[in-house]
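> Encoded as structure tokens, here's the structure I'll be asking about.
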Amino acid sequence: MRPPTPSPALTGTAAAMTALLLATAGCGTSTDEPAPLSVGDVDLGGGSIAEDFDLSGADLAVSSKEFTESVVLGKITYYALQAAGGAPQDRTGLMGSAILRTALENGDVDLYWEYAGTGWTQFLQEDEVIQDGEEQFERTAEGDLERNGIVWMGPARFGNQYGIARAADAPGPVGEVDSLDQLSAFVRAHPDEATFCGAAEFMDREWERFQEFHEAPFRPADTYQMDLALNYVNVAKGSPCNFAEIFTTDARLESLDLRVIEDSGTFFTTQSAALTAREETVEEHTDLEGLGVALGEALTEDVIIELNGMVDLDGASADEAALYFLQQHGFIG
């Protein structure tokens, strides 16, 4: 596997990295063309959250992973806690599931949105494939609470998952690959065109299993590890890769005219998103579960795709997208 540009590797344990990353978490970016809403434009206490939930005195650290969707979910939670009377800390933007989960377990952060498939395979270390998203969520939530004291709140009404995509207008044999079964045959028949881009977490967690399961032996020299955002751009232009890892709720799939390769339902599974916290945190702040359910009910697939697009395509900040969501659904004034 070769990266197109050098990038520093993670060293040490997740616990050691957490302290370093927390120092820079929550640092948002500004744009020249912001969405209409900013904190000054809204009344955080003027909607249904203030009426229905009381989290006065809740000094909770809200975090997220580093990619757009996770950061937006973290920002939604951050402002929702303020609307409920809390005084949260913004620590969004930690890098990677292992780092963030360690921070949650250690009490360095208190809340973040996680995906049930990640919980099932990474934190519970289960290898049974559960195709039904609702069953996967329920078993993950039950197991994580029983074994680790982590509560899953919600879930949201959308499920994200990994997928493999190519350019919709890819020429030649690449453009004829429409299913993962066809991809396996393509890799064997056209090894020189079998190039792949993947982000670090996918390559660490899924790559070896994916290649074995689908008998698709991409050559290491033709496999590129890069930031997730670059996967979309590079596969759209077919350089340096003809195939790439993507998230199925990413708005760039449509804007860059990418075709998601069909999975027969035997490998990638839907991962319901849910707000996670330590059990003692939920017991201390009893309105947290109700707030997680209320937010989850409003977070449909169409909604999260729109919010991702506001940031990745329209240039809004994650804060602006979060405030837009909360106002549009009457959570704030």
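Please note that chains go A, B, ... in the order of the structure tokens, that every chain numbers its residues from 1, and that ligands are numbered from 1 in the order shown.
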With a distance cut-off of 9 Å and only C-alpha atoms, select the neighbouring residues of segment 132-144 of chain A, excluding the residue or stretch itself and same-chain residues fewer than 4 positions from it, and output the selection as an NGL selection string.

:A and (115-117 or 119-120 or 123-124 or 148-153 or 155 or 159 or 269-274)

> Can you list, as a list in words, every protein, DNA or RNA residue that comes within 6 Å of segment 313-324 of chain A when you count only C-alpha atoms, leaving out same-chain residues fewer than 4 positions away?

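Neighbouring residues, sequence-local ones excluded: Pro34, Ala35, Leu37, Ser38, Val72, Lys75, Ile76, Leu307, Gly309 and Gln328 of chain A.
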
> For a test of reading the model, state the distance in Å between atom CA of Asp59 of chain A and atom CA of Phe331 of chain A, rounded to one decimal.

20.1 Å

> Could you jot down the atom CA of Phe202 of chain A to atom CA of Glu66 of chain A separation for me, Å, one decimal place?

13.8 Å

> DSSP on the backbone: what in segment 130-298 of chain A comes out strand (DSSP E), as a PDB file with C-alpha atoms, in the first residue's frame?


ATOM      1  CA  ILE A 150     -21.777   2.363  27.715  1.00  0.00           C
ATOM      2  CA  VAL A 151     -25.320   3.547  26.910  1.00  0.00           C
ATOM      3  CA  TRP A 152     -26.506   3.920  23.286  1.00  0.00           C
ATOM      4  CA  MET A 153     -29.200   6.594  22.953  1.00  0.00           C
ATOM      5  CA  GLY A 159     -27.793   4.158   8.755  1.00  0.00           C
ATOM      6  CA  ASN A 160     -24.362   4.892   7.376  1.00  0.00           C
ATOM      7  CA  TYR A 162     -18.974   1.723   3.992  1.00  0.00           C
ATOM      8  CA  GLY A 163     -19.257   1.168   0.271  1.00  0.00           C
ATOM      9  CA  ILE A 164     -17.070   0.974  -2.824  1.00  0.00           C
ATOM     10  CA  ALA A 165     -17.557   3.445  -5.675  1.00  0.00           C
ATOM     11  CA  ARG A 166     -16.221   4.219  -9.135  1.00  0.00           C
ATOM     12  CA  ALA A 167     -16.771   7.119 -11.521  1.00  0.00           C
ATOM     13  CA  PHE A 196      -7.916   1.508  -4.897  1.00  0.00           C
ATOM     14  CA  CYS A 197      -8.084   4.505  -2.517  1.00  0.00           C
ATOM     15  CA  GLY A 198      -9.018   4.064   1.132  1.00  0.00           C
ATOM     16  CA  THR A 223      -3.510   0.617  -3.124  1.00  0.00           C
ATOM     17  CA  TYR A 224      -3.410   4.183  -1.799  1.00  0.00           C
ATOM     18  CA  GLN A 225      -4.139   5.311   1.749  1.00  0.00           C
ATOM     19  CA  PHE A 243     -12.193   2.344  -7.059  1.00  0.00           C
ATOM     20  CA  ALA A 244     -12.493   3.886  -3.595  1.00  0.00           C
ATOM     21  CA  GLU A 245     -14.007   3.493  -0.162  1.00  0.00           C
ATOM     22  CA  ILE A 246     -16.936   5.848   0.458  1.00  0.00           C
ATOM     23  CA  PHE A 247     -19.709   6.494   2.989  1.00  0.00           C
ATOM     24  CA  LEU A 258     -19.993   8.446  -8.521  1.00  0.00           C
ATOM     25  CA  ARG A 259     -21.588   5.026  -8.821  1.00  0.00           C
ATOM     26  CA  VAL A 260     -21.779   2.935  -5.663  1.00  0.00           C
ATOM     27  CA  GLN A 271     -24.714   1.045  10.829  1.00  0.00           C
ATOM     28  CA  SER A 272     -27.341   2.953  12.803  1.00  0.00           C
ATOM     29  CA  ALA A 273     -25.938   6.066  14.462  1.00  0.00           C
ATOM     30  CA  ALA A 274     -26.604   6.691  18.144  1.00  0.00           C
ATOM     31  CA  LEU A 275     -25.449   9.007  20.896  1.00  0.00           C
ATOM     32  CA  THR A 276     -23.177   7.166  23.331  1.00  0.00           C
ATOM     33  CA  ALA A 277     -22.206   7.963  26.913  1.00  0.00           C
ATOM     34  CA  ARG A 278     -21.003   6.245  30.062  1.00  0.00           C
TER      35      ARG A 278
END

> Between atom CA of Ala236 of chain A and atom CA of Leu299 of chain A, what is the distance, to one decimal in Å?

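Separating atom CA of Ala236 of chain A from atom CA of Leu299 of chain A is a distance of 28.2 Å.
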
> Would you mind telling me which residue in A:Ser184, A:Thr118, A:Glu176, A:Leu326 lies nearest to Gly296 of chain A when using only C-alpha atoms?

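For Gly296 of chain A, the nearest of the given residues is A:Leu326.
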
> Tell me which of A:Asp302, A:Asp90, A:Asp287, A:Asp178 sits closest to Gly74 of chain A, counting only C-alpha atoms.

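Once distances to Gly74 of chain A are computed over only C-alpha atoms, the minimum belongs to A:Asp90.
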
> Compile the contact shell of Leu44 of chain A as an MDAnalysis selection string: residues with an atom at most 8 Å away, counting only C-alpha atoms, same-chain residues fewer than 6 positions apart removed.

chainID A and resid 50 79:80 82:83 332:333

> Keeping C-alpha atoms for every residue in the selection just given, could you write it to a file as a PDB file, in the first residue's frame?


ATOM      1  CA  ALA A  50     -35.811  24.107  26.248  1.00  0.00           C
ATOM      2  CA  TYR A  79     -25.888  23.232  20.790  1.00  0.00           C
ATOM      3  CA  ALA A  80     -28.743  20.986  21.927  1.00  0.00           C
ATOM      4  CA  GLN A  82     -26.901  24.501  25.528  1.00  0.00           C
ATOM      5  CA  ALA A  83     -30.556  24.775  24.559  1.00  0.00           C
ATOM      6  CA  ILE A 332     -34.364  25.999  18.933  1.00  0.00           C
ATOM      7  CA  GLY A 333     -35.913  29.391  18.145  1.00  0.00           C
TER       8      GLY A 333
END

> Can you list, as a count of residues only, all residues belonging to segment 30-199 of chain A that DSSP tags as alpha helix (DSSP H)?

60

> Which one is closest to Thr68 of chain A: A:Leu228, A:Ile261, A:Ala194, A:Ala170? Count only C-alpha atoms.

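Going through A:Leu228, A:Ile261, A:Ala194, A:Ala170 one by one, the smallest distance to Thr68 of chain A is for A:Leu228.
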
> Can you pull out every residue within 10 Å of Tyr78 of chain A, counting only C-alpha atoms, but drop anything in the same chain fewer than 5 positions away, and send it as a ChimeraX atom specification?

/A:60-63,72-73,83,86-92,111-112,319,322
